[in-house]
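Undergrad: Next up is a structure, given as structure tokens.
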There are 2 protein chains.
Amino acid sequence: MRDMTEPRWLNADERRAWLALVSINTLLPAALDTKLHTAGKLSLFDYTVLAMLSEAEGRFLPMSELAARSSASLSRLSHVVTKLQKRGWVERRPHPHDARVTTAHLTEEGMATIVELAPGHVEDVRDLFLDALTEQDVLDLARIGEKVVGRLDADHWILREN
Amino acid sequence: MRDMTEPRWLNADERRAWLALVSINTLLPAALDTKLHTAGKLSLFDYTVLAMLSEAEGRFLPMSELAARSSASLSRLSHVVTKLQKRGWVERRPHPHDARVTTAHLTEEGMATIVELAPGHVEDVRDLFLDALTEQDVLDLARIGEKVVGRLDADHWILREN
DNA sequence: GGGGCCTAGTTGAAGAATCAACCACGCTGC
DNA sequence: GCAGCGTGGTTGATTCTTCAACTAGGCCCC
């Protein structure tokens, strides 16, 4: 049963912050999606998956680790990896020591794709997002963003010390 | 033709800010979606559409204005309004003076639904997001968020003066 | 050494988003 | 008064995402 006392509605600044976040949330991925789609027929999520693999040691990761690093469900990832596999960018292999685990490997073609796309993508991220901000803004946003991520998922990989 | 000089890769803080934003972007809507889905079988986007109508004068808006206020394409909105219409929460009516325009009206049942859901939703927003932040964070985020929105869409409705 | 539970991953069906094609109306200029 | 263009909106096909169900291997412990 929910508490029936009068809820604390958002004040003006909370509302501003909330509306801005929701708007960014729909606008930014949409803009990057269309950019990436015209550049290389892939979505921001596809790109993220390839990018995470390309940065991993040996260019492979267990599916569950890849899911964590792309903030996706295992189910979603599995479907997407199947698609990327059909395009020859990723391969699935069994894990040598734990038969439950599947590892996703970036192929040479996959690596070539991301190497080709990365400069344009970084430029788009700057153009659509970072260039709007001062250095101080970037710092503030990193601090605030990590707080929020920590509340949503205390064990999130971007918060790992290393 | 794209500029072929070496791209400016993200520095550590830019990367932190970017990764945090992308993570929030997938985690937050997903969490609110499941909350709203168990509370009332609707998505965050459905909720937003109803909320925007409930706050509008006369509880109706032209489709294109509603699309702007929910940061959606007209196509997406049209599909969703059809769904909400089937549930009896929204009605479509022709505009009296411009036959091109359709207005979406919130019905009594629609209003009742949002009145019922709003307190829980606000609580969830606080719980998942705002409660992680200090007053200063909220202020910073509002400022930074609006800058980013302005870059993505200079005419965005949340930036309108009034 | 076998029952029960947890972790890792896949699959198919159902619902949602996007894209391109399209219709209808309004405005402008001739 | 009608040709042409821009605006407002809808629709259907395709693609994506989610959800629930399921397989299968590992681990604990009696």
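Please note that chains go A, B, ... in the order of the structure tokens, that every chain numbers its residues from 1, and that ligands are numbered from 1 in the order shown.
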For chain C, list the residues within 8 Å of chain A, counting only C-alpha atoms (C1' of nucleotides), and write the list as a list of chain:residue names.
TA: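 Written out as asked, the residues are C:DA8, C:DG9, C:DT10.
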Undergrad: Taking C-alpha atoms (C1' of nucleotides) for each residue, export the selection above as a compact mmCIF listing (two decimals), in the first residue's frame.
TA:
# COMPACT_ATOMS: atom_id res chain seq x y z
C1' DA C 8 24.44 -17.45 -18.49
C1' DG C 9 22.29 -17.25 -22.51
C1' DT C 10 18.73 -18.03 -26.30
Undergrad: Mind checking which residues fall within 12 Å of DG4 (chain C), counting only C-alpha atoms (C1' of nucleotides), ignoring those fewer than 5 positions away in the same chain, and posting them as a list in words?
TA: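 Neighbouring residues, sequence-local ones excluded: DC27, DC28, DC29 and DC30 of chain D.
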Undergrad: So that I can see what lies close to DG6 (chain D), please list as a compact mmCIF listing (two decimals) with N, CA and C atoms (P, O5', C5', C4', C3', O3' and C1' of nucleotides), in the first residue's frame the residues with an atom at most 12 Å from it, counting only C-alpha atoms (C1' of nucleotides) and leaving out residues fewer than 3 positions away in the same chain.
TA:
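And here is the file that came out, part_10.txt:
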# COMPACT_ATOMS: atom_id res chain seq x y z
P DC C 25 -9.68 18.33 -47.57
O5' DC C 25 -9.03 19.68 -47.05
C5' DC C 25 -8.67 19.76 -45.67
C4' DC C 25 -7.58 20.78 -45.55
C3' DC C 25 -7.95 22.15 -46.09
O3' DC C 25 -8.03 23.02 -44.96
C1' DC C 25 -5.73 21.50 -46.69
P DG C 26 -8.42 24.58 -45.09
O5' DG C 26 -7.01 25.25 -45.37
C5' DG C 26 -6.13 25.47 -44.27
C4' DG C 26 -4.92 26.25 -44.75
C3' DG C 26 -5.24 27.64 -45.30
O3' DG C 26 -4.30 28.52 -44.70
C1' DG C 26 -3.96 26.41 -46.86
P DC C 27 -4.54 30.11 -44.65
O5' DC C 27 -3.33 30.66 -45.53
C5' DC C 27 -2.00 30.22 -45.26
C4' DC C 27 -1.17 30.41 -46.51
C3' DC C 27 -1.32 31.78 -47.17
O3' DC C 27 -0.05 32.39 -47.17
C1' DC C 27 -1.38 30.04 -48.77
P DT C 28 0.12 33.99 -47.41
O5' DT C 28 0.94 34.07 -48.76
C5' DT C 28 1.95 33.10 -49.06
C4' DT C 28 2.18 33.07 -50.57
C3' DT C 28 1.95 34.41 -51.26
O3' DT C 28 3.19 34.86 -51.80
C1' DT C 28 0.94 32.61 -52.46
Undergrad: What are the residues of chain B that have an atom within 7 Å of an atom of chain A, counting only C-alpha atoms, as a PDB file with C-alpha atoms, in the first residue's frame?
TA:
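Output file selection19.pdb is given in full below:
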ATOM      1  CA  PRO B   7      39.803  13.842 -34.612  1.00  0.00           C
ATOM      2  CA  TRP B   9      39.169  12.266 -28.974  1.00  0.00           C
ATOM      3  CA  ASP B  13      36.184  14.217 -18.032  1.00  0.00           C
ATOM      4  CA  GLU B  14      34.383  14.446 -21.322  1.00  0.00           C
ATOM      5  CA  ARG B  16      32.969  10.482 -17.905  1.00  0.00           C
ATOM      6  CA  ALA B  17      30.235  12.971 -18.691  1.00  0.00           C
ATOM      7  CA  ALA B  20      27.212   8.849 -17.514  1.00  0.00           C
ATOM      8  CA  LEU B  21      24.706  10.546 -19.765  1.00  0.00           C
ATOM      9  CA  SER B  23      23.943   5.242 -19.043  1.00  0.00           C
ATOM     10  CA  ILE B  24      21.308   7.425 -17.432  1.00  0.00           C
ATOM     11  CA  ASN B  25      19.652   7.515 -20.748  1.00  0.00           C
ATOM     12  CA  THR B  26      19.066   3.792 -20.842  1.00  0.00           C
ATOM     13  CA  LEU B  27      18.664   3.121 -17.134  1.00  0.00           C
ATOM     14  CA  SER B  71       9.799  15.561 -28.013  1.00  0.00           C
ATOM     15  CA  PRO B 119       1.656  10.964  -7.075  1.00  0.00           C
ATOM     16  CA  VAL B 122       6.522  11.895  -8.883  1.00  0.00           C
ATOM     17  CA  LEU B 128      15.300   7.186  -8.750  1.00  0.00           C
ATOM     18  CA  PHE B 129      16.753  10.531  -9.616  1.00  0.00           C
ATOM     19  CA  ALA B 132      20.521  11.524  -5.409  1.00  0.00           C
ATOM     20  CA  ASP B 137      23.216  19.751  -8.269  1.00  0.00           C
ATOM     21  CA  VAL B 138      19.631  20.308  -9.354  1.00  0.00           C
ATOM     22  CA  LEU B 139      20.438  23.897 -10.252  1.00  0.00           C
ATOM     23  CA  LEU B 141      21.767  20.157 -13.995  1.00  0.00           C
ATOM     24  CA  ALA B 142      18.921  22.457 -14.989  1.00  0.00           C
ATOM     25  CA  ILE B 144      23.533  22.413 -18.206  1.00  0.00           C
ATOM     26  CA  GLY B 145      20.533  20.437 -19.420  1.00  0.00           C
ATOM     27  CA  GLU B 146      18.921  23.491 -20.934  1.00  0.00           C
ATOM     28  CA  LYS B 147      22.153  24.367 -22.708  1.00  0.00           C
ATOM     29  CA  VAL B 148      22.251  20.931 -24.280  1.00  0.00           C
ATOM     30  CA  VAL B 149      18.589  21.038 -25.237  1.00  0.00           C
ATOM     31  CA  ARG B 151      21.944  22.956 -28.963  1.00  0.00           C
ATOM     32  CA  LEU B 152      19.848  19.996 -30.025  1.00  0.00           C
TER      33      LEU B 152
END
Undergrad: Report as CSV: every residue of chain D with an atom at most 9 Å from chain B, its closest pair of atoms, and their distance in Å to one decimal, counting only C-alpha atoms (C1' of nucleotides), with rows sorted by chain and ascending residue number.
TA:
residue,atom,partner,partner_atom,distance
D:DT7,C1',B:Arg100,CA,8.2
D:DG8,C1',B:Arg100,CA,5.5
D:DG9,C1',B:Arg100,CA,7.4
D:DT10,C1',B:Ser78,CA,7.2
Undergrad: Return as a PDB file with all heavy atoms, in the first residue's frame the full set of residues in region 41-147 of chain B whose backbone-based DSSP assignment is strand (DSSP E).
TA:
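Output below, filename selection23.pdb:
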ATOM      1  N   PHE B  60      -6.554  20.150 -24.112  1.00  0.00           N
ATOM      2  CA  PHE B  60      -6.381  19.652 -25.472  1.00  0.00           C
ATOM      3  C   PHE B  60      -5.260  20.416 -26.140  1.00  0.00           C
ATOM      4  O   PHE B  60      -4.905  21.525 -25.722  1.00  0.00           O
ATOM      5  CB  PHE B  60      -7.673  19.813 -26.282  1.00  0.00           C
ATOM      6  CG  PHE B  60      -8.036  21.242 -26.550  1.00  0.00           C
ATOM      7  CD1 PHE B  60      -7.585  21.902 -27.696  1.00  0.00           C
ATOM      8  CD2 PHE B  60      -8.841  21.945 -25.653  1.00  0.00           C
ATOM      9  CE1 PHE B  60      -7.923  23.232 -27.931  1.00  0.00           C
ATOM     10  CE2 PHE B  60      -9.181  23.270 -25.887  1.00  0.00           C
ATOM     11  CZ  PHE B  60      -8.722  23.920 -27.021  1.00  0.00           C
ATOM     12  N   LEU B  61      -4.690  19.821 -27.157  1.00  0.00           N
ATOM     13  CA  LEU B  61      -3.591  20.427 -27.920  1.00  0.00           C
ATOM     14  C   LEU B  61      -3.619  19.882 -29.347  1.00  0.00           C
ATOM     15  O   LEU B  61      -4.007  18.738 -29.564  1.00  0.00           O
ATOM     16  CB  LEU B  61      -2.233  20.066 -27.303  1.00  0.00           C
ATOM     17  CG  LEU B  61      -1.804  20.733 -25.993  1.00  0.00           C
ATOM     18  CD1 LEU B  61      -0.537  20.080 -25.480  1.00  0.00           C
ATOM     19  CD2 LEU B  61      -1.613  22.235 -26.177  1.00  0.00           C
ATOM     20  N   PRO B  62      -3.188  20.715 -30.308  1.00  0.00           N
ATOM     21  CA  PRO B  62      -2.994  20.197 -31.657  1.00  0.00           C
ATOM     22  C   PRO B  62      -1.921  19.105 -31.621  1.00  0.00           C
ATOM     23  O   PRO B  62      -0.989  19.174 -30.819  1.00  0.00           O
ATOM     24  CB  PRO B  62      -2.472  21.405 -32.442  1.00  0.00           C
ATOM     25  CG  PRO B  62      -2.877  22.598 -31.652  1.00  0.00           C
ATOM     26  CD  PRO B  62      -2.934  22.161 -30.230  1.00  0.00           C
ATOM     27  N   VAL B  90      -8.112   9.461 -24.541  1.00  0.00           N
ATOM     28  CA  VAL B  90      -7.891  10.612 -25.418  1.00  0.00           C
ATOM     29  C   VAL B  90      -8.910  10.553 -26.551  1.00  0.00           C
ATOM     30  O   VAL B  90      -9.346   9.470 -26.940  1.00  0.00           O
ATOM     31  CB  VAL B  90      -6.450  10.581 -25.991  1.00  0.00           C
ATOM     32  CG1 VAL B  90      -6.281  11.585 -27.102  1.00  0.00           C
ATOM     33  CG2 VAL B  90      -5.419  10.838 -24.895  1.00  0.00           C
ATOM     34  N   GLU B  91      -9.292  11.729 -27.042  1.00  0.00           N
ATOM     35  CA  GLU B  91     -10.158  11.815 -28.219  1.00  0.00           C
ATOM     36  C   GLU B  91      -9.516  12.681 -29.284  1.00  0.00           C
ATOM     37  O   GLU B  91      -8.850  13.666 -28.946  1.00  0.00           O
ATOM     38  CB  GLU B  91     -11.474  12.500 -27.841  1.00  0.00           C
ATOM     39  CG  GLU B  91     -12.592  11.589 -27.455  1.00  0.00           C
ATOM     40  CD  GLU B  91     -13.797  12.408 -27.023  1.00  0.00           C
ATOM     41  OE1 GLU B  91     -14.006  13.525 -27.584  1.00  0.00           O
ATOM     42  OE2 GLU B  91     -14.500  11.960 -26.112  1.00  0.00           O
ATOM     43  N   ARG B  92      -9.749  12.366 -30.519  1.00  0.00           N
ATOM     44  CA  ARG B  92      -9.311  13.242 -31.609  1.00  0.00           C
ATOM     45  C   ARG B  92     -10.492  14.074 -32.080  1.00  0.00           C
ATOM     46  O   ARG B  92     -11.587  13.537 -32.249  1.00  0.00           O
ATOM     47  CB  ARG B  92      -8.827  12.403 -32.785  1.00  0.00           C
ATOM     48  CG  ARG B  92      -7.371  12.000 -32.730  1.00  0.00           C
ATOM     49  CD  ARG B  92      -6.998  11.286 -34.017  1.00  0.00           C
ATOM     50  NE  ARG B  92      -6.444   9.980 -33.716  1.00  0.00           N
ATOM     51  CZ  ARG B  92      -5.179   9.630 -33.960  1.00  0.00           C
ATOM     52  NH1 ARG B  92      -4.340  10.487 -34.507  1.00  0.00           N
ATOM     53  NH2 ARG B  92      -4.758   8.428 -33.677  1.00  0.00           N
ATOM     54  N   ARG B  93     -10.264  15.366 -32.317  1.00  0.00           N
ATOM     55  CA  ARG B  93     -11.305  16.203 -32.902  1.00  0.00           C
ATOM     56  C   ARG B  93     -10.701  17.098 -33.961  1.00  0.00           C
ATOM     57  O   ARG B  93      -9.553  17.504 -33.845  1.00  0.00           O
ATOM     58  CB  ARG B  93     -11.954  17.092 -31.836  1.00  0.00           C
ATOM     59  CG  ARG B  93     -12.591  16.307 -30.719  1.00  0.00           C
ATOM     60  CD  ARG B  93     -13.548  17.159 -29.908  1.00  0.00           C
ATOM     61  NE  ARG B  93     -13.734  16.573 -28.585  1.00  0.00           N
ATOM     62  CZ  ARG B  93     -13.960  17.267 -27.466  1.00  0.00           C
ATOM     63  NH1 ARG B  93     -14.055  18.595 -27.526  1.00  0.00           N
ATOM     64  NH2 ARG B  93     -14.112  16.667 -26.308  1.00  0.00           N
ATOM     65  N   PRO B  94     -11.475  17.429 -34.987  1.00  0.00           N
ATOM     66  CA  PRO B  94     -10.970  18.360 -36.001  1.00  0.00           C
ATOM     67  C   PRO B  94     -10.876  19.758 -35.411  1.00  0.00           C
ATOM     68  O   PRO B  94     -11.653  20.119 -34.525  1.00  0.00           O
ATOM     69  CB  PRO B  94     -12.038  18.308 -37.096  1.00  0.00           C
ATOM     70  CG  PRO B  94     -13.262  17.770 -36.443  1.00  0.00           C
ATOM     71  CD  PRO B  94     -12.818  16.908 -35.305  1.00  0.00           C
ATOM     72  N   THR B 102      -5.582  18.387 -36.346  1.00  0.00           N
ATOM     73  CA  THR B 102      -6.332  17.527 -35.442  1.00  0.00           C
ATOM     74  C   THR B 102      -5.954  17.919 -34.026  1.00  0.00           C
ATOM     75  O   THR B 102      -4.774  18.115 -33.748  1.00  0.00           O
ATOM     76  CB  THR B 102      -5.938  16.053 -35.643  1.00  0.00           C
ATOM     77  OG1 THR B 102      -5.994  15.744 -37.024  1.00  0.00           O
ATOM     78  CG2 THR B 102      -6.853  15.132 -34.870  1.00  0.00           C
ATOM     79  N   THR B 103      -6.922  18.007 -33.135  1.00  0.00           N
ATOM     80  CA  THR B 103      -6.580  18.255 -31.734  1.00  0.00           C
ATOM     81  C   THR B 103      -6.832  16.985 -30.934  1.00  0.00           C
ATOM     82  O   THR B 103      -7.796  16.259 -31.180  1.00  0.00           O
ATOM     83  CB  THR B 103      -7.414  19.395 -31.122  1.00  0.00           C
ATOM     84  OG1 THR B 103      -8.796  19.160 -31.378  1.00  0.00           O
ATOM     85  CG2 THR B 103      -7.025  20.724 -31.715  1.00  0.00           C
ATOM     86  N   ALA B 104      -5.941  16.741 -29.992  1.00  0.00           N
ATOM     87  CA  ALA B 104      -6.096  15.607 -29.084  1.00  0.00           C
ATOM     88  C   ALA B 104      -6.657  16.138 -27.774  1.00  0.00           C
ATOM     89  O   ALA B 104      -6.098  17.071 -27.200  1.00  0.00           O
ATOM     90  CB  ALA B 104      -4.753  14.939 -28.861  1.00  0.00           C
ATOM     91  N   HIS B 105      -7.753  15.547 -27.308  1.00  0.00           N
ATOM     92  CA  HIS B 105      -8.405  15.979 -26.073  1.00  0.00           C
ATOM     93  C   HIS B 105      -8.305  14.892 -25.023  1.00  0.00           C
ATOM     94  O   HIS B 105      -8.556  13.726 -25.314  1.00  0.00           O
ATOM     95  CB  HIS B 105      -9.890  16.271 -26.335  1.00  0.00           C
ATOM     96  CG  HIS B 105     -10.125  17.427 -27.225  1.00  0.00           C
ATOM     97  ND1 HIS B 105     -10.731  18.594 -26.802  1.00  0.00           N
ATOM     98  CD2 HIS B 105      -9.836  17.610 -28.533  1.00  0.00           C
ATOM     99  CE1 HIS B 105     -10.790  19.439 -27.817  1.00  0.00           C
ATOM    100  NE2 HIS B 105     -10.261  18.866 -28.885  1.00  0.00           N
ATOM    101  N   LEU B 106      -7.984  15.292 -23.808  1.00  0.00           N
ATOM    102  CA  LEU B 106      -7.959  14.355 -22.694  1.00  0.00           C
ATOM    103  C   LEU B 106      -9.399  14.117 -22.229  1.00  0.00           C
ATOM    104  O   LEU B 106     -10.134  15.065 -21.962  1.00  0.00           O
ATOM    105  CB  LEU B 106      -7.129  14.959 -21.558  1.00  0.00           C
ATOM    106  CG  LEU B 106      -6.751  14.044 -20.403  1.00  0.00           C
ATOM    107  CD1 LEU B 106      -5.872  12.906 -20.876  1.00  0.00           C
ATOM    108  CD2 LEU B 106      -6.029  14.847 -19.316  1.00  0.00           C
TER     109      LEU B 106
END
Undergrad: With a distance cut-off of 12 Å and only C-alpha atoms (C1' of nucleotides), select the neighbouring residues of DA13 (chain D), excluding the residue or stretch itself and same-chain residues fewer than 6 positions from it, and output the selection as a ChimeraX atom specification.
TA: /C:18-21
Undergrad: Least-squares superpose chain B onto chain A - every C-alpha atom, paired in order - and show me the moved coordinates as a compact mmCIF listing (two decimals) with C-alpha atoms, in the first residue's frame.
TA:
# COMPACT_ATOMS: atom_id res chain seq x y z
CA MET B 1 0.25 -0.12 0.08
CA ARG B 2 1.45 3.28 -0.98
CA ASP B 3 1.73 6.16 1.46
CA MET B 4 -1.41 8.25 1.00
CA THR B 5 -0.11 11.58 2.24
CA GLU B 6 0.09 14.44 -0.25
CA PRO B 7 3.05 13.85 -2.57
CA ARG B 8 5.89 16.36 -2.76
CA TRP B 9 5.39 17.81 -6.24
CA LEU B 10 8.43 19.03 -8.11
CA ASN B 11 9.51 22.61 -7.51
CA ALA B 12 10.48 24.89 -10.40
CA ASP B 13 14.15 23.90 -10.56
CA GLU B 14 13.48 20.23 -10.11
CA ARG B 15 10.97 20.45 -12.91
CA ARG B 16 13.46 22.24 -15.15
CA ALA B 17 16.11 19.63 -14.47
CA TRP B 18 13.70 16.79 -15.03
CA LEU B 19 12.21 18.13 -18.24
CA ALA B 20 15.63 18.92 -19.65
CA LEU B 21 16.85 15.44 -18.88
CA VAL B 22 13.83 13.78 -20.46
CA SER B 23 14.16 15.97 -23.54
CA ILE B 24 17.85 15.26 -23.95
CA ASN B 25 17.00 11.68 -23.53
CA THR B 26 14.81 11.57 -26.60
CA LEU B 27 16.58 14.16 -28.73
CA LEU B 28 20.22 13.13 -28.36
CA PRO B 29 20.00 9.41 -29.17
CA ALA B 30 17.63 10.19 -32.02
CA ALA B 31 20.09 12.65 -33.55
CA LEU B 32 23.05 10.30 -33.16
CA ASP B 33 21.01 7.39 -34.45
CA THR B 34 20.21 9.14 -37.70
CA LYS B 35 23.83 10.27 -38.10
CA LEU B 36 25.13 6.75 -37.58
CA HIS B 37 22.42 5.28 -39.71
CA THR B 38 23.36 7.41 -42.71
CA ALA B 39 27.09 6.87 -42.06
CA GLY B 40 26.96 3.12 -41.67
CA LYS B 41 23.49 1.61 -41.32
CA LEU B 42 23.78 1.06 -37.61
CA SER B 43 22.17 2.40 -34.45
CA LEU B 44 23.81 4.08 -31.49
CA PHE B 45 23.36 0.89 -29.55
CA ASP B 46 25.01 -1.20 -32.29
CA TYR B 47 27.87 1.26 -32.29
CA THR B 48 28.22 1.10 -28.52
CA VAL B 49 28.43 -2.68 -28.59
CA LEU B 50 31.17 -2.62 -31.21
CA ALA B 51 33.00 0.16 -29.36
CA MET B 52 32.95 -1.73 -26.06
CA LEU B 53 34.36 -4.81 -27.76
CA SER B 54 37.04 -2.80 -29.54
CA GLU B 55 38.22 -1.38 -26.21
CA ALA B 56 38.21 -4.72 -24.40
CA GLU B 57 41.42 -6.69 -23.95
CA GLY B 58 41.62 -9.23 -26.77
CA ARG B 59 38.57 -7.61 -28.34
CA PHE B 60 36.13 -10.01 -26.79
CA LEU B 61 33.85 -10.10 -23.77
CA PRO B 62 31.36 -12.50 -22.19
CA MET B 63 27.81 -11.63 -23.20
CA SER B 64 26.88 -10.63 -19.66
CA GLU B 65 29.84 -8.30 -19.30
CA LEU B 66 29.08 -6.77 -22.67
CA ALA B 67 25.48 -6.32 -21.60
CA ALA B 68 26.64 -4.52 -18.46
CA ARG B 69 28.93 -2.21 -20.39
CA SER B 70 26.21 -1.29 -22.84
CA SER B 71 23.55 -0.97 -20.10
CA ALA B 72 21.35 -3.47 -21.88
CA SER B 73 19.43 -6.59 -20.97
CA LEU B 74 20.95 -9.88 -21.98
CA SER B 75 17.96 -10.46 -24.21
CA ARG B 76 18.39 -7.23 -26.11
CA LEU B 77 22.08 -7.82 -26.49
CA SER B 78 21.55 -11.36 -27.72
CA HIS B 79 19.25 -10.17 -30.51
CA VAL B 80 21.66 -7.44 -31.52
CA VAL B 81 24.69 -9.71 -31.50
CA THR B 82 22.81 -12.06 -33.79
CA LYS B 83 22.29 -9.17 -36.17
CA LEU B 84 25.92 -8.03 -35.96
CA GLN B 85 27.00 -11.61 -36.49
CA LYS B 86 25.02 -11.80 -39.73
CA ARG B 87 26.89 -8.72 -40.92
CA GLY B 88 30.22 -10.36 -40.11
CA TRP B 89 31.25 -7.86 -37.44
CA VAL B 90 31.02 -10.12 -34.40
CA GLU B 91 31.49 -13.82 -33.67
CA ARG B 92 30.15 -15.94 -30.85
CA ARG B 93 32.45 -18.49 -29.23
CA PRO B 94 32.01 -20.80 -26.25
CA HIS B 95 34.04 -19.96 -23.16
CA PRO B 96 36.88 -22.49 -22.69
CA HIS B 97 36.39 -22.97 -18.92
CA ASP B 98 32.72 -22.32 -18.27
CA ALA B 99 30.32 -23.89 -20.71
CA ARG B 100 27.49 -21.55 -19.71
CA VAL B 101 29.35 -18.53 -20.99
CA THR B 102 29.33 -17.27 -24.57
CA THR B 103 31.94 -14.72 -25.57
CA ALA B 104 31.37 -12.16 -28.29
CA HIS B 105 34.46 -11.45 -30.41
CA LEU B 106 34.98 -8.47 -32.67
CA THR B 107 36.06 -9.62 -36.14
CA GLU B 108 38.56 -7.81 -38.36
CA GLU B 109 35.68 -6.43 -40.42
CA GLY B 110 33.98 -5.27 -37.24
CA MET B 111 37.16 -3.53 -36.15
CA ALA B 112 37.55 -1.93 -39.55
CA THR B 113 33.97 -0.66 -39.36
CA ILE B 114 34.40 0.99 -36.01
CA VAL B 115 37.77 2.48 -36.94
CA GLU B 116 36.09 4.02 -39.95
CA LEU B 117 33.09 5.31 -38.03
CA ALA B 118 34.70 6.50 -34.80
CA PRO B 119 36.12 9.87 -35.92
CA GLY B 120 32.79 10.98 -37.35
CA HIS B 121 30.93 9.76 -34.32
CA VAL B 122 33.19 11.60 -31.89
CA GLU B 123 32.77 14.71 -33.98
CA ASP B 124 29.00 14.32 -33.82
CA VAL B 125 29.10 13.89 -30.05
CA ARG B 126 31.07 17.11 -29.78
CA ASP B 127 28.87 18.89 -32.24
CA LEU B 128 25.55 17.88 -30.70
CA PHE B 129 26.51 17.86 -27.08
CA LEU B 130 29.95 18.72 -25.70
CA ASP B 131 30.44 21.91 -27.69
CA ALA B 132 27.45 23.39 -25.88
CA LEU B 133 29.32 23.14 -22.59
CA THR B 134 32.18 24.86 -20.79
CA GLU B 135 34.91 22.86 -19.08
CA GLN B 136 33.20 23.50 -15.77
CA ASP B 137 29.89 22.24 -17.17
CA VAL B 138 31.56 19.03 -18.29
CA LEU B 139 33.00 18.55 -14.83
CA ASP B 140 29.66 19.26 -13.13
CA LEU B 141 27.83 16.96 -15.48
CA ALA B 142 30.30 14.13 -14.93
CA ARG B 143 29.90 14.50 -11.17
CA ILE B 144 26.10 14.74 -11.23
CA GLY B 145 25.73 12.05 -13.88
CA GLU B 146 27.77 9.57 -11.90
CA LYS B 147 25.68 10.27 -8.81
CA VAL B 148 22.53 9.47 -10.73
CA VAL B 149 24.01 6.35 -12.28
CA GLY B 150 25.04 5.22 -8.82
CA ARG B 151 21.49 5.57 -7.60
CA LEU B 152 20.08 3.68 -10.55
CA ASP B 153 22.64 0.91 -10.37
CA ALA B 154 25.12 0.96 -7.51
CA ASP B 155 27.37 -1.60 -9.22
CA HIS B 156 27.38 0.02 -12.63
CA TRP B 157 30.59 -0.60 -14.54
CA ILE B 158 31.38 3.08 -15.15
CA LEU B 159 31.73 3.48 -11.38
CA ARG B 160 34.31 0.74 -11.03
CA GLU B 161 37.66 1.84 -9.67
CA ASN B 162 40.67 0.81 -11.68
